[in-house]
Amino acid sequence: MSFDVVISNGRYFDGTGGPSAIRNVGIRDGRVAAVTDEPITGTEEIDATGNWVLPGLIDIHTHYDVEVLTAPALTESLRHGVTTVVVGSCSLSTVHVDGEEAGDLFGRVEAIPREFVIAAVEEHKDWSNAEEYIRALEARPLGPNITAFIGHSDMRAAAMGLERATTHDDQPTAAELAQMERWLTEALDAGFIGLSSQQLLFDRLDGEVCRSRTLPSTYVKRREMRRLARLVRERGRVLQSGPDITHPMKMVLALLRSIGGVQKPLKMSFLAAADAKSNPVGYLFLTGLARAINGLGGNLRWQHLPVPFEVYGDGIDLVIFEELGAGAAALHLRDEVERNELMRDESYRRWFRREYDKKFKIGAWHRDFFDADIVACPDPSLVGKTFGQVGLDRGLHPVDAFLDLVVEHGRALRWRTVISNHRPRILKKLAVDPGVQIGFSDAGAHLRNMAFYNSGLRLLRHVQQSAEAGAPFMTVEHAVHRLTGELADWYDLDAGHLRIGDRADVVVVDPAHLDESLEAYAEEPVDAYGGLSRMVNRNDRAVPAVLVGGRTVFRDGRPTDLVGRVRTGSFLRAGRRTPAPAAPVAAGG
């Protein structure tokens with residue numbers, strides 16, 4: 001019996017966490033048709049000797065909502081073995097807003113150039129509801145599979161107008177709230193995995209009209225959230241959000257909504273469990289809270305990035321400064337001359353220094369310019385130094401040293417720091433915690449700031465290296481399950497497994513090349529954003545092959561002829577089996 005594709009002699013993992021074994025996998029019509037130790041043949045054959053054969057990885061937190069319209073192959077995820085991505089995170093989606101509103105929502109929060117957001121939505125938007133949005137995506141040559149949250153800020157801005165949606169005085173009328181409920185119901189009926197909201201108060205709007213206000217979802221009152229969450233709860237879908245970490249009790253009350261009581265539990269996926277430098281014991285509070293809520297009948301998961309959270313900045317352009325009033329004031333100014341005038345002002349600098357010196361104030365950034373390395377600068381003598389060291393050399397406060405260099409060099413001053421997940425011992429604890437989900441890549445956003453597209457591979461490397469060192473903290477089978485089947489089952493997706501009858505979304509991994517190449521920094525221009533350089537990883541030897549829907553999309557680090565030309569991915573509707581495209585579908589077909 002012949003198959004479309006055969007992957008032979010690899011160490012096979014089915015995504016359930018069960019034992020792995022050397023097997024041959026036969027694929028037909030986009031699904032796994034055979035798993036056997038007997039020889040089988042196929043039209044295409046991939047020799048996986050010495051390699052691991054896994055279900056395609058699932059990325060549960062991306063901001064590809066704009067890029068998928070203009071470059072739907074999403075090759076930067078495919079090349080790292082990610083075959084299913086979730087869009088619509090952090091209350092942001094493009095289902096209902098127009099181009100200008102989308103530009104204001106995405107531009108500054110996700111560091112995607114506003115003009116390209118507006119252009120992409122205005123050019124491609126031909127949908128008016130969730131079902132039409134799905135059809136529009138599947139009319140494009142999707143590379144990976146897509147699934148989505150409907151964004152609360154998207155619905156709120158479209159129903160109320162962005163101006164009214166971002167003031168505390170204006171709340172939705174009865175008709176506007178009813179409209180949001182209809183839109184949410186339509187999205188859940190269409191197979192969206194749930195609703196994304198946001199309570200984080202340092203995500204700021206772009207544009208002119210509402211610039212520097214927080215996202216529309218942050219202005220929600222209890223009645224509105226209760227009515228929307230009820231619809232999500234009744235369907236057994238997911239409410240995603242980012243809590244207001246500056247008000248711990250408010251955060252706890254929001255999370256308690258997960259507990260069912262006489263109702264079914266509300267699935268809640270929250271951002272994020274991290275070992276933050278700014279709060280060395282904070283992760284204990286978060287994971288303990290999840291255990292308590294789940295013990296009382298809730299269904300709460302924290303999203304987690306399983307690698308050091310390393311961020312880069314070009315001058316002062318970095319989202320972590322939004323949590324400081326002084327940082328937000330500088331980022332509010334789009335004109336560089338105005339911004340530099342502000343940063344030269346001594347009263348502004350006193351403000352910045354006061355906030356910087358509050359080391360125990362809750363926040364994401366550790367507020368330590370001695371832990372911030374300059375990696376590029378027109379003055380090469382500064383490369384390799386920290387801003388703190390520069391301050392010591394010049395007899396300045398670290399804040400003044402930083403601001404002086406930003407004023408002098410602008411965005412040509414590039415620097416890096418790690419804000420969390422810096423202790424391997426804690427990373428191991430978080431990786432096995434049942435209240436934590438692995439996935440927080442932010443793929444498609446923060447193009448110049450973060451690069452976590454290969455975080456799944458880096459977790460596998462951590463697992464393998466720990467085992468080789470004689471200190472294993474989880475098995476490879478368990479790690480694969482956490483990256484694939486566990487996520488698919490919780491979000492109710494037709495993905496994440498490689499049993500007979502399952503979707504043939506597959507990544508072949510060479511464990512011998514799960515090495516330092518996974519951490520190497522590189523940059524590549526993004527055509528969809530006018531050639532803007534994006535931070536990327538290049539670990540091509542670690543991933544010999546990637547398949548989506550039974551079709552090979554990457555071999556040895558290179559996309560196949562299918563990629564960008566035909567649709568290999570599908571929109572995965574929650575709770576339903578989703579067939580792979582029956583035959584190559586021409587772009588736009």
# chains A, B, ... in the order shown; residues from 1 in each chain; ligands from 1
>>> residues_around(residues="Arg291 (chain A)", least_positions_apart="5", cutoff="9 Å", atoms="only C-alpha atoms", output="list in words")
Leu286, Leu296, Leu300, Pro434 and Gly435 of chain A
>>> write_last_selection(atoms="C-alpha atoms", output="mmCIF file, in the first residue's frame")
data_model
loop_
_atom_site.group_PDB
_atom_site.id
_atom_site.type_symbol
_atom_site.label_atom_id
_atom_site.label_comp_id
_atom_site.auth_asym_id
_atom_site.auth_seq_id
_atom_site.Cartn_x
_atom_site.Cartn_y
_atom_site.Cartn_z
ATOM 1 C CA LEU A 286 0.904 33.308 40.119
ATOM 2 C CA LEU A 296 -11.863 25.151 43.656
ATOM 3 C CA LEU A 300 -7.124 28.692 34.642
ATOM 4 C CA PRO A 434 0.144 22.092 35.322
ATOM 5 C CA GLY A 435 -1.257 25.612 35.707
#
>>> residues_around(residues="Asn421 (chain A)", least_positions_apart="6", cutoff="7 Å", atoms="only C-alpha atoms", output="number ranges by chain")
A: 274-276, 307-309, 427
>>> atom_distance(atom1="CA of Ala187 (chain A)", atom2="CA of Ala130 (chain A)")
5.1 Å
>>> atom_distance(atom1="CA of Glu310 (chain A)", atom2="CA of Asp371 (chain A)")
11.4 Å
>>> residues_around(residues="region 230-238 of chain A", least_positions_apart="4", cutoff="6 Å", atoms="only C-alpha atoms", output="JSON, numbers by chain")
{"A": [193, 194, 266, 267, 268]}
>>> select_by_dssp(residues="region 247-329 of chain A", states="helix (DSSP H, G or I)", output="CSV table (one decimal) with all heavy atoms, in the first residue's frame")
chain,number,residue,atom,x,y,z
A,248,PRO,N,-3.0,43.9,42.4
A,248,PRO,CA,-3.1,42.5,42.6
A,248,PRO,C,-4.5,42.0,43.0
A,248,PRO,O,-5.0,41.0,42.5
A,248,PRO,CB,-2.1,42.2,43.7
A,248,PRO,CG,-1.1,43.3,43.5
A,248,PRO,CD,-1.9,44.5,43.1
A,249,MET,N,-5.2,42.7,43.8
A,249,MET,CA,-6.6,42.3,44.2
A,249,MET,C,-7.6,42.3,43.1
A,249,MET,O,-8.4,41.4,42.9
A,249,MET,CB,-7.1,43.1,45.4
A,249,MET,CG,-6.5,42.8,46.7
A,249,MET,SD,-6.5,41.0,47.1
A,249,MET,CE,-8.3,40.7,47.0
A,250,LYS,N,-7.5,43.3,42.2
A,250,LYS,CA,-8.3,43.4,41.0
A,250,LYS,C,-8.0,42.2,40.1
A,250,LYS,O,-8.9,41.6,39.6
A,250,LYS,CB,-8.0,44.7,40.3
A,250,LYS,CG,-8.9,44.9,39.1
A,250,LYS,CD,-8.6,46.3,38.5
A,250,LYS,CE,-9.4,46.5,37.2
A,250,LYS,NZ,-9.0,47.8,36.5
A,251,MET,N,-6.7,41.8,40.0
A,251,MET,CA,-6.3,40.7,39.2
A,251,MET,C,-6.9,39.4,39.8
A,251,MET,O,-7.5,38.6,39.0
A,251,MET,CB,-4.8,40.6,39.2
A,251,MET,CG,-4.3,39.4,38.4
A,251,MET,SD,-2.5,39.3,38.4
A,251,MET,CE,-2.2,38.7,40.1
A,252,VAL,N,-6.8,39.2,41.1
A,252,VAL,CA,-7.4,38.0,41.7
A,252,VAL,C,-8.9,37.9,41.5
A,252,VAL,O,-9.4,36.8,41.2
A,252,VAL,CB,-7.1,38.0,43.2
A,252,VAL,CG1,-7.8,36.9,43.9
A,252,VAL,CG2,-5.5,37.9,43.5
A,253,LEU,N,-9.6,39.0,41.6
A,253,LEU,CA,-11.0,39.0,41.4
A,253,LEU,C,-11.4,38.6,40.0
A,253,LEU,O,-12.4,37.9,39.8
A,253,LEU,CB,-11.6,40.3,41.8
A,253,LEU,CG,-11.6,40.7,43.3
A,253,LEU,CD1,-12.1,42.1,43.5
A,253,LEU,CD2,-12.5,39.7,44.1
A,254,ALA,N,-10.6,39.1,39.0
A,254,ALA,CA,-10.8,38.7,37.6
A,254,ALA,C,-10.6,37.3,37.4
A,254,ALA,O,-11.4,36.6,36.7
A,254,ALA,CB,-9.9,39.6,36.7
A,255,LEU,N,-9.6,36.7,38.0
A,255,LEU,CA,-9.3,35.3,37.8
A,255,LEU,C,-10.3,34.4,38.5
A,255,LEU,O,-10.5,33.2,38.1
A,255,LEU,CB,-7.9,35.0,38.4
A,255,LEU,CG,-6.7,35.7,37.6
A,255,LEU,CD1,-5.4,35.4,38.3
A,255,LEU,CD2,-6.7,35.3,36.1
A,256,LEU,N,-10.9,34.8,39.6
A,256,LEU,CA,-11.9,34.0,40.3
A,256,LEU,C,-13.1,33.7,39.5
A,256,LEU,O,-13.8,32.8,39.7
A,256,LEU,CB,-12.3,34.7,41.6
A,256,LEU,CG,-11.2,34.7,42.7
A,256,LEU,CD1,-11.7,35.6,43.9
A,256,LEU,CD2,-10.9,33.3,43.2
A,282,GLY,N,7.4,36.6,42.4
A,282,GLY,CA,6.1,36.7,41.8
A,282,GLY,C,5.6,35.5,41.2
A,282,GLY,O,4.3,35.2,41.2
A,283,TYR,N,6.4,34.7,40.5
A,283,TYR,CA,6.0,33.5,39.9
A,283,TYR,C,5.3,32.5,40.9
A,283,TYR,O,4.4,31.8,40.5
A,283,TYR,CB,7.1,32.8,39.2
A,283,TYR,CG,8.1,32.0,40.0
A,283,TYR,CD1,7.9,30.6,40.3
A,283,TYR,CD2,9.1,32.7,40.7
A,283,TYR,CE1,8.7,30.0,41.1
A,283,TYR,CE2,10.0,32.0,41.5
A,283,TYR,CZ,9.8,30.6,41.7
A,283,TYR,OH,10.6,29.9,42.5
A,284,LEU,N,5.8,32.5,42.1
A,284,LEU,CA,5.2,31.7,43.2
A,284,LEU,C,3.8,32.1,43.4
A,284,LEU,O,2.9,31.2,43.6
A,284,LEU,CB,6.0,31.7,44.4
A,284,LEU,CG,7.4,31.1,44.4
A,284,LEU,CD1,8.2,31.5,45.7
A,284,LEU,CD2,7.3,29.6,44.2
A,285,PHE,N,3.5,33.4,43.5
A,285,PHE,CA,2.2,33.9,43.7
A,285,PHE,C,1.2,33.5,42.5
A,285,PHE,O,0.1,33.0,42.7
A,285,PHE,CB,2.2,35.4,43.8
A,285,PHE,CG,0.8,36.0,43.8
A,285,PHE,CD1,0.0,35.9,44.9
A,285,PHE,CD2,0.4,36.8,42.7
A,285,PHE,CE1,-1.3,36.5,44.9
A,285,PHE,CE2,-0.9,37.4,42.7
A,285,PHE,CZ,-1.7,37.2,43.8
A,286,LEU,N,1.7,33.6,41.3
A,286,LEU,CA,0.9,33.3,40.1
A,286,LEU,C,0.6,31.8,40.0
A,286,LEU,O,-0.6,31.4,39.8
A,286,LEU,CB,1.6,33.8,38.9
A,286,LEU,CG,1.9,35.3,38.7
A,286,LEU,CD1,2.6,35.6,37.5
A,286,LEU,CD2,0.6,36.1,38.8
A,287,THR,N,1.6,31.0,40.2
A,287,THR,CA,1.4,29.5,40.0
A,287,THR,C,0.5,29.0,41.2
A,287,THR,O,-0.3,28.1,41.1
A,287,THR,CB,2.7,28.8,39.9
A,287,THR,OG1,3.5,29.1,41.0
A,287,THR,CG2,3.4,29.1,38.6
A,288,GLY,N,0.8,29.6,42.4
A,288,GLY,CA,0.0,29.2,43.6
A,288,GLY,C,-1.5,29.6,43.4
A,288,GLY,O,-2.4,28.9,43.8
A,289,LEU,N,-1.7,30.8,42.8
A,289,LEU,CA,-3.1,31.2,42.6
A,289,LEU,C,-3.8,30.3,41.6
A,289,LEU,O,-5.0,30.0,41.8
A,289,LEU,CB,-3.0,32.7,42.0
A,289,LEU,CG,-4.4,33.4,41.8
A,289,LEU,CD1,-5.2,33.5,43.1
A,289,LEU,CD2,-4.1,34.8,41.2
A,290,ALA,N,-3.1,29.9,40.5
A,290,ALA,CA,-3.7,28.9,39.6
A,290,ALA,C,-4.1,27.6,40.3
A,290,ALA,O,-5.2,27.1,40.0
A,290,ALA,CB,-2.8,28.7,38.4
A,291,ARG,N,-3.2,27.1,41.1
A,291,ARG,CA,-3.5,25.9,41.8
A,291,ARG,C,-4.7,26.0,42.7
A,291,ARG,O,-5.6,25.1,42.8
A,291,ARG,CB,-2.3,25.4,42.7
A,291,ARG,CG,-1.2,24.8,41.9
A,291,ARG,CD,-0.2,24.1,42.8
A,291,ARG,NE,0.5,25.0,43.7
A,291,ARG,CZ,1.6,25.7,43.3
A,291,ARG,NH1,2.1,25.5,42.1
A,291,ARG,NH2,2.2,26.5,44.1
A,292,ALA,N,-4.8,27.2,43.4
A,292,ALA,CA,-6.0,27.4,44.3
A,292,ALA,C,-7.3,27.5,43.5
A,292,ALA,O,-8.3,26.9,43.8
A,292,ALA,CB,-5.7,28.7,45.1
A,293,ILE,N,-7.3,28.3,42.4
A,293,ILE,CA,-8.5,28.4,41.6
A,293,ILE,C,-8.9,27.1,41.0
A,293,ILE,O,-10.1,26.7,41.0
A,293,ILE,CB,-8.2,29.5,40.6
A,293,ILE,CG1,-8.2,30.9,41.3
A,293,ILE,CG2,-9.3,29.5,39.5
A,293,ILE,CD1,-7.8,32.1,40.4
A,294,ASN,N,-7.9,26.4,40.4
A,294,ASN,CA,-8.3,25.1,39.8
A,294,ASN,C,-8.7,24.1,40.8
A,294,ASN,O,-9.6,23.2,40.5
A,294,ASN,CB,-7.1,24.6,39.0
A,294,ASN,CG,-6.8,25.5,37.8
A,294,ASN,OD1,-7.7,26.2,37.3
A,294,ASN,ND2,-5.5,25.5,37.3
A,295,GLY,N,-8.2,24.2,42.0
A,295,GLY,CA,-8.6,23.3,43.1
A,295,GLY,C,-10.0,23.6,43.5
A,295,GLY,O,-10.7,22.7,44.1
A,319,VAL,N,8.6,48.8,24.4
A,319,VAL,CA,7.3,48.8,25.1
A,319,VAL,C,7.5,48.8,26.6
A,319,VAL,O,6.5,49.3,27.3
A,319,VAL,CB,6.5,47.6,24.6
A,319,VAL,CG1,7.1,46.3,25.1
A,319,VAL,CG2,5.0,47.7,25.0
A,320,ILE,N,8.6,48.3,27.1
A,320,ILE,CA,8.7,48.3,28.6
A,320,ILE,C,8.6,49.7,29.2
A,320,ILE,O,8.3,49.8,30.4
A,320,ILE,CB,9.9,47.5,29.1
A,320,ILE,CG1,11.2,48.2,28.6
A,320,ILE,CG2,9.9,46.1,28.7
A,320,ILE,CD1,12.5,47.6,29.1
A,321,PHE,N,9.0,50.7,28.4
A,321,PHE,CA,9.0,52.0,29.0
A,321,PHE,C,7.6,52.6,29.1
A,321,PHE,O,7.4,53.6,29.8
A,321,PHE,CB,9.8,53.0,28.1
A,321,PHE,CG,11.3,52.7,28.2
A,321,PHE,CD1,12.1,52.4,27.1
A,321,PHE,CD2,12.0,52.8,29.5
A,321,PHE,CE1,13.4,52.2,27.2
A,321,PHE,CE2,13.3,52.5,29.6
A,321,PHE,CZ,14.1,52.2,28.4
A,322,GLU,N,6.6,51.9,28.5
A,322,GLU,CA,5.2,52.4,28.6
A,322,GLU,C,4.7,52.3,30.0
A,322,GLU,O,3.7,53.0,30.4
A,322,GLU,CB,4.3,51.6,27.7
A,322,GLU,CG,4.6,51.7,26.2
A,322,GLU,CD,4.1,52.9,25.5
A,322,GLU,OE1,3.7,53.9,26.2
A,322,GLU,OE2,4.0,52.9,24.3
A,323,GLU,N,5.3,51.4,30.9
A,323,GLU,CA,4.8,51.3,32.2
A,323,GLU,C,5.3,52.4,33.1
A,323,GLU,O,4.9,52.5,34.3
A,323,GLU,CB,5.1,49.9,32.8
A,323,GLU,CG,6.6,49.7,33.0
A,323,GLU,CD,6.9,48.2,33.5
A,323,GLU,OE1,5.9,47.4,33.5
A,323,GLU,OE2,8.0,48.0,33.9
A,325,GLY,N,5.5,56.5,33.7
A,325,GLY,CA,4.9,57.7,33.1
A,325,GLY,C,5.8,58.5,32.3
A,325,GLY,O,5.4,59.1,31.2
A,326,ALA,N,7.1,58.6,32.7
A,326,ALA,CA,8.1,59.4,31.9
A,326,ALA,C,8.3,58.7,30.6
A,326,ALA,O,8.5,59.4,29.5
A,326,ALA,CB,9.4,59.5,32.7
A,327,GLY,N,8.4,57.4,30.6
A,327,GLY,CA,8.6,56.7,29.3
A,327,GLY,C,7.5,56.8,28.4
A,327,GLY,O,7.7,57.1,27.2
A,328,ALA,N,6.3,56.7,28.9
A,328,ALA,CA,5.1,56.9,28.0
A,328,ALA,C,5.0,58.3,27.5
A,328,ALA,O,4.6,58.5,26.3
A,328,ALA,CB,3.8,56.6,28.8
A,329,ALA,N,5.4,59.3,28.3
A,329,ALA,CA,5.4,60.7,27.8
A,329,ALA,C,6.3,60.9,26.6
A,329,ALA,O,6.0,61.6,25.6
A,329,ALA,CB,5.8,61.6,28.9
>>> residues_around(residues="Ala512 (chain A)", least_positions_apart="3", cutoff="9 Å", atoms="only C-alpha atoms", output="MDAnalysis selection string")
chainID A and resid 50:51 509 515 541:542
>>> write_last_selection(atoms="N, CA, C and O atoms", output="compact mmCIF listing (two decimals), in the first residue's frame")
# COMPACT_ATOMS: atom_id res chain seq x y z
N GLY A 50 17.64 8.89 12.99
CA GLY A 50 18.34 9.72 13.96
C GLY A 50 17.59 10.97 14.38
O GLY A 50 18.06 11.73 15.24
N ASN A 51 16.41 11.18 13.78
CA ASN A 51 15.63 12.38 14.07
C ASN A 51 14.37 12.07 14.86
O ASN A 51 13.97 10.91 15.01
N VAL A 509 12.63 16.87 13.70
CA VAL A 509 13.66 17.60 14.44
C VAL A 509 14.92 16.75 14.53
O VAL A 509 14.85 15.55 14.84
N ASP A 515 21.20 23.01 19.42
CA ASP A 515 22.45 23.51 19.99
C ASP A 515 22.40 25.03 20.08
O ASP A 515 21.33 25.65 20.04
N ARG A 541 19.41 23.64 10.48
CA ARG A 541 19.84 22.25 10.55
C ARG A 541 19.06 21.48 11.63
O ARG A 541 19.06 20.25 11.63
N ALA A 542 18.41 22.22 12.53
CA ALA A 542 17.63 21.55 13.58
C ALA A 542 16.29 21.05 13.08
O ALA A 542 15.66 20.22 13.74
>>> closest_residue(among="A:Leu487, A:Ala165, A:Val508, A:Leu195", to="Val553 (chain A)", atoms="only C-alpha atoms")
A:Val508
>>> residues_around(residues="Asn537 (chain A)", least_positions_apart="5", cutoff="10 Å", atoms="only C-alpha atoms", output="list in words")
Glu76, Arg79, His80, Ala451, Phe452, Tyr453, Asn454, Ser455, Ser517, Leu518, Glu519, Ala520, Tyr521, Ala522, Glu523 and Glu524 of chain A
>>> write_last_selection(atoms="N, CA, C and O atoms", output="mmCIF file, in the first residue's frame")
data_model
loop_
_atom_site.group_PDB
_atom_site.id
_atom_site.type_symbol
_atom_site.label_atom_id
_atom_site.label_comp_id
_atom_site.auth_asym_id
_atom_site.auth_seq_id
_atom_site.Cartn_x
_atom_site.Cartn_y
_atom_site.Cartn_z
ATOM 1 N N GLU A 76 8.189 32.560 8.828
ATOM 2 C CA GLU A 76 9.072 32.661 9.997
ATOM 3 C C GLU A 76 8.657 31.709 11.104
ATOM 4 O O GLU A 76 9.468 31.314 11.927
ATOM 5 N N ARG A 79 9.341 27.686 9.553
ATOM 6 C CA ARG A 79 10.712 27.180 9.516
ATOM 7 C C ARG A 79 11.147 26.604 10.854
ATOM 8 O O ARG A 79 12.099 25.824 10.926
ATOM 9 N N HIS A 80 10.454 26.968 11.937
ATOM 10 C CA HIS A 80 10.793 26.458 13.267
ATOM 11 C C HIS A 80 9.847 25.348 13.706
ATOM 12 O O HIS A 80 9.827 24.981 14.882
ATOM 13 N N ALA A 451 12.329 38.095 19.615
ATOM 14 C CA ALA A 451 12.420 37.033 18.605
ATOM 15 C C ALA A 451 12.244 35.689 19.292
ATOM 16 O O ALA A 451 13.214 35.069 19.706
ATOM 17 N N PHE A 452 11.012 35.245 19.419
ATOM 18 C CA PHE A 452 10.733 34.010 20.156
ATOM 19 C C PHE A 452 10.052 32.962 19.270
ATOM 20 O O PHE A 452 9.358 32.083 19.752
ATOM 21 N N TYR A 453 10.255 33.066 17.962
ATOM 22 C CA TYR A 453 9.583 32.173 17.026
ATOM 23 C C TYR A 453 9.984 30.719 17.253
ATOM 24 O O TYR A 453 9.220 29.808 16.954
ATOM 25 N N ASN A 454 11.173 30.470 17.759
ATOM 26 C CA ASN A 454 11.653 29.098 17.929
ATOM 27 C C ASN A 454 11.650 28.657 19.384
ATOM 28 O O ASN A 454 12.404 27.756 19.771
ATOM 29 N N SER A 455 10.820 29.271 20.214
ATOM 30 C CA SER A 455 10.861 28.964 21.654
ATOM 31 C C SER A 455 10.530 27.501 21.938
ATOM 32 O O SER A 455 11.031 26.929 22.911
ATOM 33 N N SER A 517 22.945 27.234 18.032
ATOM 34 C CA SER A 517 22.397 27.933 16.870
ATOM 35 C C SER A 517 20.974 28.421 17.129
ATOM 36 O O SER A 517 20.518 29.388 16.513
ATOM 37 N N LEU A 518 20.265 27.783 18.071
ATOM 38 C CA LEU A 518 18.899 28.198 18.374
ATOM 39 C C LEU A 518 18.857 29.582 19.024
ATOM 40 O O LEU A 518 17.820 30.252 18.987
ATOM 41 N N GLU A 519 19.970 30.007 19.609
ATOM 42 C CA GLU A 519 20.006 31.301 20.271
ATOM 43 C C GLU A 519 20.651 32.379 19.418
ATOM 44 O O GLU A 519 20.665 33.557 19.807
ATOM 45 N N ALA A 520 21.175 32.011 18.263
ATOM 46 C CA ALA A 520 21.889 32.976 17.428
ATOM 47 C C ALA A 520 20.937 34.059 16.935
ATOM 48 O O ALA A 520 19.801 33.786 16.540
ATOM 49 N N TYR A 521 21.431 35.281 16.948
ATOM 50 C CA TYR A 521 20.647 36.452 16.550
ATOM 51 C C TYR A 521 20.918 36.761 15.078
ATOM 52 O O TYR A 521 22.056 36.744 14.621
ATOM 53 N N ALA A 522 19.848 37.026 14.338
ATOM 54 C CA ALA A 522 19.994 37.440 12.943
ATOM 55 C C ALA A 522 18.864 38.412 12.624
ATOM 56 O O ALA A 522 17.944 38.604 13.421
ATOM 57 N N GLU A 523 18.958 39.046 11.459
ATOM 58 C CA GLU A 523 17.906 39.953 11.018
ATOM 59 C C GLU A 523 17.588 39.666 9.558
ATOM 60 O O GLU A 523 18.455 39.239 8.796
ATOM 61 N N GLU A 524 16.337 39.911 9.214
ATOM 62 C CA GLU A 524 15.908 39.693 7.838
ATOM 63 C C GLU A 524 14.831 40.698 7.492
ATOM 64 O O GLU A 524 13.931 40.971 8.298
#
>>> atom_distance(atom1="CA of Gly395 (chain A)", atom2="CA of His409 (chain A)")
19.6 Å
>>> closest_residue(among="A:Glu468, A:Glu138, A:Glu132, A:Glu123", to="Gly569 (chain A)", atoms="only C-alpha atoms")
A:Glu138
>>> residues_around(residues="His497 (chain A)", least_positions_apart="6", cutoff="6 Å", atoms="only C-alpha atoms", output="PyMOL selection string")
chain A and resi 14-15+55+485
>>> select_by_dssp(residues="region 258-305 of chain A", states="strand (DSSP E)", output="list of chain:residue names")
A:Lys267, A:Met268, A:Ser269, A:Phe270, A:Leu271, A:Asn299, A:Leu300, A:Arg301, A:Trp302, A:Gln303, A:His304
>>> decode(residues="region 527-532 of chain A", atoms="all heavy atoms", output="PDB file, in the first residue's frame")
ATOM      1  N   ASP A 527       9.239  42.005   3.661  1.00  0.00           N
ATOM      2  CA  ASP A 527       8.689  42.679   2.479  1.00  0.00           C
ATOM      3  C   ASP A 527       7.334  43.313   2.778  1.00  0.00           C
ATOM      4  O   ASP A 527       7.019  44.388   2.266  1.00  0.00           O
ATOM      5  CB  ASP A 527       8.558  41.684   1.323  1.00  0.00           C
ATOM      6  CG  ASP A 527       9.906  41.209   0.802  1.00  0.00           C
ATOM      7  OD1 ASP A 527      10.913  41.927   1.025  1.00  0.00           O
ATOM      8  OD2 ASP A 527       9.968  40.126   0.194  1.00  0.00           O
ATOM      9  N   ALA A 528       6.533  42.635   3.607  1.00  0.00           N
ATOM     10  CA  ALA A 528       5.189  43.130   3.908  1.00  0.00           C
ATOM     11  C   ALA A 528       5.221  44.466   4.632  1.00  0.00           C
ATOM     12  O   ALA A 528       4.217  45.201   4.629  1.00  0.00           O
ATOM     13  CB  ALA A 528       4.431  42.104   4.740  1.00  0.00           C
ATOM     14  N   TYR A 529       6.352  44.798   5.262  1.00  0.00           N
ATOM     15  CA  TYR A 529       6.475  46.051   6.004  1.00  0.00           C
ATOM     16  C   TYR A 529       7.566  46.938   5.408  1.00  0.00           C
ATOM     17  O   TYR A 529       8.342  47.571   6.127  1.00  0.00           O
ATOM     18  CB  TYR A 529       6.749  45.764   7.481  1.00  0.00           C
ATOM     19  CG  TYR A 529       5.638  45.010   8.164  1.00  0.00           C
ATOM     20  CD1 TYR A 529       5.916  43.952   9.015  1.00  0.00           C
ATOM     21  CD2 TYR A 529       4.297  45.334   7.949  1.00  0.00           C
ATOM     22  CE1 TYR A 529       4.888  43.246   9.642  1.00  0.00           C
ATOM     23  CE2 TYR A 529       3.274  44.636   8.557  1.00  0.00           C
ATOM     24  CZ  TYR A 529       3.579  43.593   9.396  1.00  0.00           C
ATOM     25  OH  TYR A 529       2.565  42.902  10.007  1.00  0.00           O
ATOM     26  N   GLY A 530       7.618  46.958   4.095  1.00  0.00           N
ATOM     27  CA  GLY A 530       8.519  47.868   3.407  1.00  0.00           C
ATOM     28  C   GLY A 530       9.986  47.587   3.626  1.00  0.00           C
ATOM     29  O   GLY A 530      10.820  48.492   3.529  1.00  0.00           O
ATOM     30  N   GLY A 531      10.329  46.342   3.915  1.00  0.00           N
ATOM     31  CA  GLY A 531      11.726  45.983   4.116  1.00  0.00           C
ATOM     32  C   GLY A 531      12.248  46.233   5.504  1.00  0.00           C
ATOM     33  O   GLY A 531      13.460  46.112   5.747  1.00  0.00           O
ATOM     34  N   LEU A 532      11.363  46.575   6.461  1.00  0.00           N
ATOM     35  CA  LEU A 532      11.789  46.735   7.847  1.00  0.00           C
ATOM     36  C   LEU A 532      12.489  45.469   8.327  1.00  0.00           C
ATOM     37  O   LEU A 532      12.013  44.361   8.100  1.00  0.00           O
ATOM     38  CB  LEU A 532      10.576  47.022   8.734  1.00  0.00           C
ATOM     39  CG  LEU A 532      10.841  47.124  10.236  1.00  0.00           C
ATOM     40  CD1 LEU A 532      11.625  48.372  10.554  1.00  0.00           C
ATOM     41  CD2 LEU A 532       9.520  47.122  11.015  1.00  0.00           C
TER      42      LEU A 532
END
